[in-house]
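Peer 1: For reference, this is coords.txt, and it has compact mmCIF, N, CA and C atoms.
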```
# COMPACT_ATOMS: atom_id res chain seq x y z
N MET A 1 -21.67 2.12 -19.71
CA MET A 1 -21.34 2.70 -18.42
C MET A 1 -20.52 1.69 -17.63
N VAL A 2 -19.50 2.17 -16.91
CA VAL A 2 -18.63 1.32 -16.11
C VAL A 2 -19.35 0.97 -14.82
N ASN A 3 -19.25 -0.29 -14.44
CA ASN A 3 -19.84 -0.76 -13.19
C ASN A 3 -19.15 -0.03 -12.03
N PRO A 4 -19.92 0.56 -11.09
CA PRO A 4 -19.32 1.30 -9.98
C PRO A 4 -18.39 0.43 -9.14
N GLY A 5 -18.61 -0.88 -9.09
CA GLY A 5 -17.75 -1.77 -8.33
C GLY A 5 -16.33 -1.83 -8.87
N TRP A 6 -16.17 -1.57 -10.16
CA TRP A 6 -14.84 -1.61 -10.77
C TRP A 6 -13.96 -0.48 -10.23
N ALA A 7 -14.56 0.64 -9.88
CA ALA A 7 -13.80 1.79 -9.37
C ALA A 7 -13.29 1.55 -7.95
N ASP A 8 -13.90 0.64 -7.22
CA ASP A 8 -13.50 0.35 -5.84
C ASP A 8 -12.26 -0.53 -5.86
N ARG A 9 -11.10 0.05 -5.51
CA ARG A 9 -9.83 -0.67 -5.57
C ARG A 9 -9.73 -1.78 -4.53
N ASP A 10 -10.59 -1.76 -3.52
CA ASP A 10 -10.53 -2.76 -2.45
C ASP A 10 -11.53 -3.90 -2.63
N ARG A 11 -12.35 -3.81 -3.65
CA ARG A 11 -13.37 -4.84 -3.87
C ARG A 11 -12.74 -6.08 -4.50
N GLY A 12 -12.98 -7.24 -3.91
CA GLY A 12 -12.45 -8.49 -4.43
C GLY A 12 -13.16 -8.90 -5.71
N LEU A 13 -12.46 -8.78 -6.83
CA LEU A 13 -13.05 -9.05 -8.14
C LEU A 13 -12.48 -10.28 -8.83
N PHE A 14 -11.22 -10.59 -8.55
CA PHE A 14 -10.50 -11.57 -9.35
C PHE A 14 -10.31 -12.89 -8.61
N SER A 15 -10.50 -13.97 -9.33
CA SER A 15 -10.19 -15.29 -8.76
C SER A 15 -8.68 -15.42 -8.64
N ILE A 16 -8.23 -16.45 -7.95
CA ILE A 16 -6.80 -16.63 -7.76
C ILE A 16 -6.08 -16.85 -9.09
N SER A 17 -6.71 -17.55 -10.02
CA SER A 17 -6.05 -17.80 -11.30
C SER A 17 -5.91 -16.52 -12.11
N VAL A 18 -6.92 -15.67 -12.09
CA VAL A 18 -6.84 -14.39 -12.81
C VAL A 18 -5.83 -13.47 -12.13
N ALA A 19 -5.85 -13.41 -10.81
CA ALA A 19 -4.90 -12.56 -10.09
C ALA A 19 -3.48 -13.01 -10.35
N ALA A 20 -3.25 -14.32 -10.35
CA ALA A 20 -1.92 -14.85 -10.61
C ALA A 20 -1.46 -14.49 -12.02
N GLU A 21 -2.36 -14.61 -12.97
CA GLU A 21 -2.01 -14.27 -14.36
C GLU A 21 -1.70 -12.78 -14.48
N LEU A 22 -2.51 -11.93 -13.85
CA LEU A 22 -2.26 -10.49 -13.90
C LEU A 22 -0.91 -10.13 -13.28
N ALA A 23 -0.52 -10.87 -12.24
CA ALA A 23 0.74 -10.59 -11.55
C ALA A 23 1.93 -11.33 -12.17
N GLY A 24 1.65 -12.25 -13.08
CA GLY A 24 2.73 -13.03 -13.68
C GLY A 24 3.30 -14.07 -12.75
N LEU A 25 2.45 -14.59 -11.87
CA LEU A 25 2.88 -15.57 -10.87
C LEU A 25 2.04 -16.84 -10.98
N HIS A 26 2.48 -17.87 -10.30
CA HIS A 26 1.71 -19.11 -10.22
C HIS A 26 0.70 -18.97 -9.08
N PRO A 27 -0.50 -19.52 -9.21
CA PRO A 27 -1.48 -19.42 -8.12
C PRO A 27 -0.94 -19.92 -6.78
N GLN A 28 -0.08 -20.93 -6.80
CA GLN A 28 0.47 -21.44 -5.54
C GLN A 28 1.32 -20.38 -4.84
N THR A 29 1.97 -19.52 -5.62
CA THR A 29 2.76 -18.44 -5.05
C THR A 29 1.86 -17.48 -4.28
N LEU A 30 0.68 -17.20 -4.81
CA LEU A 30 -0.26 -16.33 -4.11
C LEU A 30 -0.71 -16.97 -2.80
N ARG A 31 -0.90 -18.27 -2.80
CA ARG A 31 -1.27 -18.98 -1.56
C ARG A 31 -0.15 -18.88 -0.53
N ILE A 32 1.09 -19.00 -1.00
CA ILE A 32 2.25 -18.88 -0.09
C ILE A 32 2.30 -17.47 0.49
N TYR A 33 2.13 -16.47 -0.36
CA TYR A 33 2.15 -15.08 0.12
C TYR A 33 1.05 -14.85 1.15
N GLU A 34 -0.11 -15.45 0.93
CA GLU A 34 -1.19 -15.31 1.91
C GLU A 34 -0.82 -16.00 3.21
N ARG A 35 -0.28 -17.20 3.13
CA ARG A 35 0.11 -17.96 4.32
C ARG A 35 1.19 -17.21 5.11
N GLU A 36 2.07 -16.50 4.40
CA GLU A 36 3.14 -15.73 5.03
C GLU A 36 2.69 -14.36 5.53
N GLY A 37 1.43 -14.02 5.29
CA GLY A 37 0.89 -12.76 5.79
C GLY A 37 1.16 -11.56 4.90
N LEU A 38 1.59 -11.79 3.66
CA LEU A 38 1.86 -10.69 2.75
C LEU A 38 0.62 -10.20 2.03
N LEU A 39 -0.38 -11.06 1.94
CA LEU A 39 -1.65 -10.76 1.27
C LEU A 39 -2.79 -11.23 2.14
N ASP A 40 -3.91 -10.56 2.03
CA ASP A 40 -5.12 -10.98 2.74
C ASP A 40 -6.31 -10.74 1.82
N PRO A 41 -6.50 -11.60 0.82
CA PRO A 41 -7.59 -11.39 -0.12
C PRO A 41 -8.95 -11.58 0.56
N ALA A 42 -9.94 -10.93 -0.01
CA ALA A 42 -11.32 -11.10 0.47
C ALA A 42 -11.75 -12.54 0.16
N ARG A 43 -12.81 -12.95 0.78
CA ARG A 43 -13.37 -14.28 0.52
C ARG A 43 -14.84 -14.12 0.14
N SER A 44 -15.26 -14.95 -0.81
CA SER A 44 -16.67 -14.97 -1.19
C SER A 44 -17.44 -15.70 -0.09
N ALA A 45 -18.76 -15.71 -0.19
CA ALA A 45 -19.58 -16.41 0.80
C ALA A 45 -19.20 -17.89 0.87
N GLY A 46 -18.75 -18.44 -0.24
CA GLY A 46 -18.35 -19.85 -0.28
C GLY A 46 -16.91 -20.08 0.12
N GLY A 47 -16.16 -19.02 0.45
CA GLY A 47 -14.79 -19.16 0.90
C GLY A 47 -13.74 -19.03 -0.19
N THR A 48 -14.15 -18.72 -1.41
CA THR A 48 -13.20 -18.57 -2.52
C THR A 48 -12.45 -17.25 -2.39
N ARG A 49 -11.14 -17.29 -2.61
CA ARG A 49 -10.35 -16.07 -2.58
C ARG A 49 -10.79 -15.14 -3.70
N ARG A 50 -10.91 -13.84 -3.37
CA ARG A 50 -11.27 -12.82 -4.35
C ARG A 50 -10.26 -11.68 -4.18
N TYR A 51 -9.43 -11.49 -5.20
CA TYR A 51 -8.37 -10.48 -5.15
C TYR A 51 -8.86 -9.15 -5.72
N SER A 52 -8.48 -8.08 -5.05
CA SER A 52 -8.85 -6.72 -5.47
C SER A 52 -7.75 -6.13 -6.34
N ARG A 53 -8.05 -4.99 -6.93
CA ARG A 53 -7.03 -4.27 -7.69
C ARG A 53 -5.89 -3.84 -6.77
N ARG A 54 -6.21 -3.50 -5.52
CA ARG A 54 -5.16 -3.14 -4.56
C ARG A 54 -4.27 -4.35 -4.27
N ASP A 55 -4.87 -5.55 -4.20
CA ASP A 55 -4.08 -6.77 -4.01
C ASP A 55 -3.13 -6.99 -5.19
N ILE A 56 -3.61 -6.73 -6.40
CA ILE A 56 -2.78 -6.90 -7.60
C ILE A 56 -1.61 -5.90 -7.55
N ASP A 57 -1.88 -4.67 -7.14
CA ASP A 57 -0.82 -3.67 -6.99
C ASP A 57 0.20 -4.12 -5.94
N ARG A 58 -0.29 -4.68 -4.85
CA ARG A 58 0.59 -5.17 -3.79
C ARG A 58 1.46 -6.32 -4.30
N LEU A 59 0.89 -7.18 -5.13
CA LEU A 59 1.67 -8.26 -5.73
C LEU A 59 2.80 -7.70 -6.59
N ALA A 60 2.55 -6.62 -7.29
CA ALA A 60 3.59 -5.99 -8.11
C ALA A 60 4.73 -5.49 -7.22
N VAL A 61 4.39 -4.92 -6.07
CA VAL A 61 5.41 -4.45 -5.13
C VAL A 61 6.20 -5.64 -4.59
N ILE A 62 5.49 -6.70 -4.22
CA ILE A 62 6.15 -7.91 -3.71
C ILE A 62 7.11 -8.47 -4.76
N CYS A 63 6.68 -8.52 -6.01
CA CYS A 63 7.53 -9.03 -7.09
C CYS A 63 8.78 -8.16 -7.25
N ALA A 64 8.61 -6.85 -7.18
CA ALA A 64 9.75 -5.94 -7.32
C ALA A 64 10.74 -6.13 -6.17
N LEU A 65 10.23 -6.28 -4.95
CA LEU A 65 11.10 -6.49 -3.80
C LEU A 65 11.82 -7.83 -3.88
N THR A 66 11.11 -8.85 -4.36
CA THR A 66 11.73 -10.16 -4.55
C THR A 66 12.85 -10.05 -5.59
N ALA A 67 12.58 -9.33 -6.67
CA ALA A 67 13.59 -9.15 -7.71
C ALA A 67 14.81 -8.40 -7.19
N ASP A 68 14.60 -7.55 -6.18
CA ASP A 68 15.71 -6.81 -5.58
C ASP A 68 16.50 -7.66 -4.58
N GLY A 69 16.03 -8.90 -4.35
CA GLY A 69 16.77 -9.82 -3.50
C GLY A 69 16.24 -9.98 -2.08
N LEU A 70 15.12 -9.36 -1.75
CA LEU A 70 14.58 -9.52 -0.40
C LEU A 70 13.89 -10.86 -0.26
N ASN A 71 14.01 -11.44 0.94
CA ASN A 71 13.26 -12.65 1.23
C ASN A 71 11.89 -12.26 1.77
N LEU A 72 11.03 -13.24 2.04
CA LEU A 72 9.66 -12.94 2.45
C LEU A 72 9.60 -12.20 3.78
N ALA A 73 10.50 -12.51 4.71
CA ALA A 73 10.53 -11.79 5.99
C ALA A 73 10.89 -10.32 5.77
N GLY A 74 11.84 -10.05 4.88
CA GLY A 74 12.22 -8.68 4.57
C GLY A 74 11.09 -7.93 3.88
N ILE A 75 10.40 -8.62 2.98
CA ILE A 75 9.27 -8.01 2.28
C ILE A 75 8.17 -7.65 3.27
N ARG A 76 7.91 -8.56 4.22
CA ARG A 76 6.89 -8.30 5.24
C ARG A 76 7.23 -7.04 6.01
N GLN A 77 8.51 -6.89 6.40
CA GLN A 77 8.95 -5.70 7.13
C GLN A 77 8.77 -4.43 6.29
N VAL A 78 9.17 -4.48 5.03
CA VAL A 78 9.04 -3.31 4.15
C VAL A 78 7.57 -2.92 4.02
N LEU A 79 6.70 -3.90 3.80
CA LEU A 79 5.28 -3.60 3.64
C LEU A 79 4.68 -3.03 4.92
N GLN A 80 5.10 -3.55 6.08
CA GLN A 80 4.62 -3.01 7.34
C GLN A 80 5.08 -1.57 7.54
N LEU A 81 6.34 -1.31 7.21
CA LEU A 81 6.86 0.06 7.35
C LEU A 81 6.17 1.02 6.38
N GLN A 82 5.89 0.57 5.18
CA GLN A 82 5.17 1.41 4.22
C GLN A 82 3.76 1.73 4.73
N GLU A 83 3.11 0.74 5.32
CA GLU A 83 1.76 0.97 5.86
C GLU A 83 1.80 1.92 7.05
N GLU A 84 2.78 1.75 7.93
CA GLU A 84 2.92 2.66 9.07
C GLU A 84 3.18 4.08 8.58
N THR A 85 4.02 4.23 7.58
CA THR A 85 4.31 5.55 7.01
C THR A 85 3.06 6.17 6.44
N ARG A 86 2.28 5.38 5.70
CA ARG A 86 1.03 5.88 5.12
C ARG A 86 0.08 6.35 6.22
N GLN A 87 -0.04 5.58 7.29
CA GLN A 87 -0.93 5.95 8.39
C GLN A 87 -0.44 7.22 9.10
N LEU A 88 0.87 7.31 9.31
CA LEU A 88 1.41 8.50 9.97
C LEU A 88 1.23 9.75 9.10
N GLN A 89 1.41 9.61 7.79
CA GLN A 89 1.21 10.74 6.89
C GLN A 89 -0.25 11.19 6.91
N ALA A 90 -1.17 10.23 6.95
CA ALA A 90 -2.60 10.57 7.01
C ALA A 90 -2.92 11.27 8.33
N GLU A 91 -2.35 10.79 9.42
CA GLU A 91 -2.57 11.41 10.72
C GLU A 91 -1.99 12.81 10.76
N LEU A 92 -0.81 12.99 10.19
CA LEU A 92 -0.18 14.31 10.14
C LEU A 92 -1.03 15.28 9.32
N ALA A 93 -1.54 14.82 8.20
CA ALA A 93 -2.40 15.67 7.36
C ALA A 93 -3.67 16.05 8.12
N ARG A 94 -4.23 15.09 8.85
CA ARG A 94 -5.43 15.36 9.63
C ARG A 94 -5.15 16.40 10.72
N LEU A 95 -4.03 16.25 11.41
CA LEU A 95 -3.67 17.19 12.48
C LEU A 95 -3.38 18.58 11.92
N ARG A 96 -2.73 18.61 10.76
CA ARG A 96 -2.47 19.92 10.13
C ARG A 96 -3.77 20.60 9.74
N GLU A 97 -4.70 19.81 9.24
CA GLU A 97 -5.99 20.37 8.86
C GLU A 97 -6.70 20.92 10.09
N LEU A 98 -6.66 20.18 11.20
CA LEU A 98 -7.28 20.66 12.43
C LEU A 98 -6.62 21.94 12.93
N ALA A 99 -5.32 22.04 12.75
CA ALA A 99 -4.59 23.22 13.20
C ALA A 99 -4.72 24.38 12.22
N GLY A 100 -5.32 24.14 11.07
CA GLY A 100 -5.48 25.19 10.07
C GLY A 100 -4.21 25.50 9.31
N GLU A 101 -3.28 24.59 9.33
CA GLU A 101 -2.00 24.79 8.65
C GLU A 101 -2.14 24.48 7.17
N GLN A 102 -1.35 25.15 6.36
CA GLN A 102 -1.34 24.91 4.93
C GLN A 102 -0.67 23.56 4.65
N PRO A 103 -1.06 22.90 3.56
CA PRO A 103 -0.36 21.66 3.18
C PRO A 103 1.12 21.91 2.96
N ALA A 104 1.94 20.90 3.18
CA ALA A 104 3.39 21.03 3.10
C ALA A 104 3.86 21.57 1.76
N ALA A 105 3.21 21.21 0.68
CA ALA A 105 3.64 21.64 -0.65
C ALA A 105 3.46 23.14 -0.83
N ARG A 106 2.56 23.75 -0.11
CA ARG A 106 2.27 25.18 -0.29
C ARG A 106 2.98 26.05 0.75
N ARG A 107 3.47 25.44 1.80
CA ARG A 107 4.14 26.19 2.85
C ARG A 107 5.44 26.77 2.34
N THR A 108 5.74 27.97 2.80
CA THR A 108 7.04 28.54 2.47
C THR A 108 7.87 28.54 3.74
N ARG A 109 9.12 28.22 3.60
CA ARG A 109 10.00 28.18 4.76
C ARG A 109 10.55 29.58 5.03
N GLN A 110 10.51 29.96 6.27
CA GLN A 110 11.08 31.21 6.70
C GLN A 110 12.49 30.94 7.22
N PRO A 111 13.47 31.76 6.84
CA PRO A 111 14.82 31.53 7.36
C PRO A 111 14.85 31.71 8.86
N ARG A 112 15.61 30.82 9.52
CA ARG A 112 15.75 30.92 10.97
C ARG A 112 16.84 31.92 11.30
N PRO A 113 16.64 32.70 12.38
CA PRO A 113 17.69 33.64 12.78
C PRO A 113 18.93 32.86 13.24
N ARG A 114 20.09 33.42 12.94
CA ARG A 114 21.34 32.80 13.34
C ARG A 114 21.74 33.29 14.73
N ASP A 115 22.52 32.50 15.41
CA ASP A 115 22.96 32.88 16.74
C ASP A 115 24.28 33.66 16.73
N GLY A 116 24.63 34.20 15.61
CA GLY A 116 25.90 34.90 15.46
C GLY A 116 25.87 36.34 15.93
N GLY A 117 24.91 36.74 16.72
CA GLY A 117 24.85 38.08 17.26
C GLY A 117 24.10 39.05 16.37
N GLU A 118 23.72 38.63 15.19
CA GLU A 118 22.97 39.52 14.31
C GLU A 118 21.49 39.48 14.69
N ALA A 119 20.81 40.57 14.54
CA ALA A 119 19.39 40.61 14.89
C ALA A 119 18.53 40.56 13.70
```
Show how you would write the structure in this file as C-alpha cells.
Peer 2:
Amino acid sequence: MVNPGWADRDRGLFSISVAAELAGLHPQTLRIYEREGLLDPARSAGGTRRYSRRDIDRLAVICALTADGLNLAGIRQVLQLQEETRQLQAELARLRELAGEQPAARRTRQPRPRDGGEA
C-alpha cells in the first residue's frame, strides 16, 4: 500500500541533495533560488530543507524558463503572474458556481444580434 503522505504534493519529502538530483541541478542552485524567492521549501523541526513534489515541479518550470533565456527577476515575475492567474481562475470558478452557471467548457455561445437593422 502507498503511504498517504506520498499523494500529498505539498508535503516536504526530499532533502536538498535528492531534490537537486531530481531537478538535475546543484544543491547550491536550489539555495540561490530560495534566497531569490523562487522557492520556499518546508523545514523540518531541526531546520533542514524538505522539498515537496510541487517544489520539484516548480524547479522544472524554473529550469525551462532559464533555458528560454530569462533571468531570475524575469522568472520571479512569470511565476507570480502564473500564481495570480491560478488564483483568479479559482475565484472565477467559485463565483460561477455560486451563480449557478455552467462551466466554461460546457457553455454554448449564443450569437449576438447585429446592429445592422435586422431583428
Peer 1: If you measure from atom C of Ser17 in chain A to CA of Tyr51 in chain A, what distance in Å do you get, rounded to one decimal?
Peer 2: 9.5 Å
Peer 1: Please compute the CA of Pro41 in chain A-CA of Ala23 in chain A distance, one decimal, in Å.
Peer 2: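 These atoms are spaced 14.2 Å apart.
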Peer 1: Could you check how far atom N of Ser52 in chain A sits from CA of Ala93 in chain A, in Å to one decimal?
Peer 2: 27.5 Å
Peer 1: Can you pull out the residues contacting Leu30 in chain A? Cut-off 8 Å, using all atoms listed in the file, and skip same-chain residues under 3 positions away; I want them as a list in words.
Peer 2: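 Within the cut-off, the hits are Ile16, Ala19, Ala20, Leu25, His26, Pro27, Tyr33, Glu34, Arg35, Glu36 and Leu39 of chain A.
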Peer 1: Counting only C-alpha atoms, what is within 10 Å of Ile62 in chain A, bar same-chain residues fewer than 6 positions away, as a list in words?
Peer 2: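 Non-adjacent residues within range: Ala23, Tyr33, Leu38, Leu39, Ile56, Asp68, Leu70, Asn71, Leu72, Ile75, Arg76, Val78 and Leu79 of chain A.
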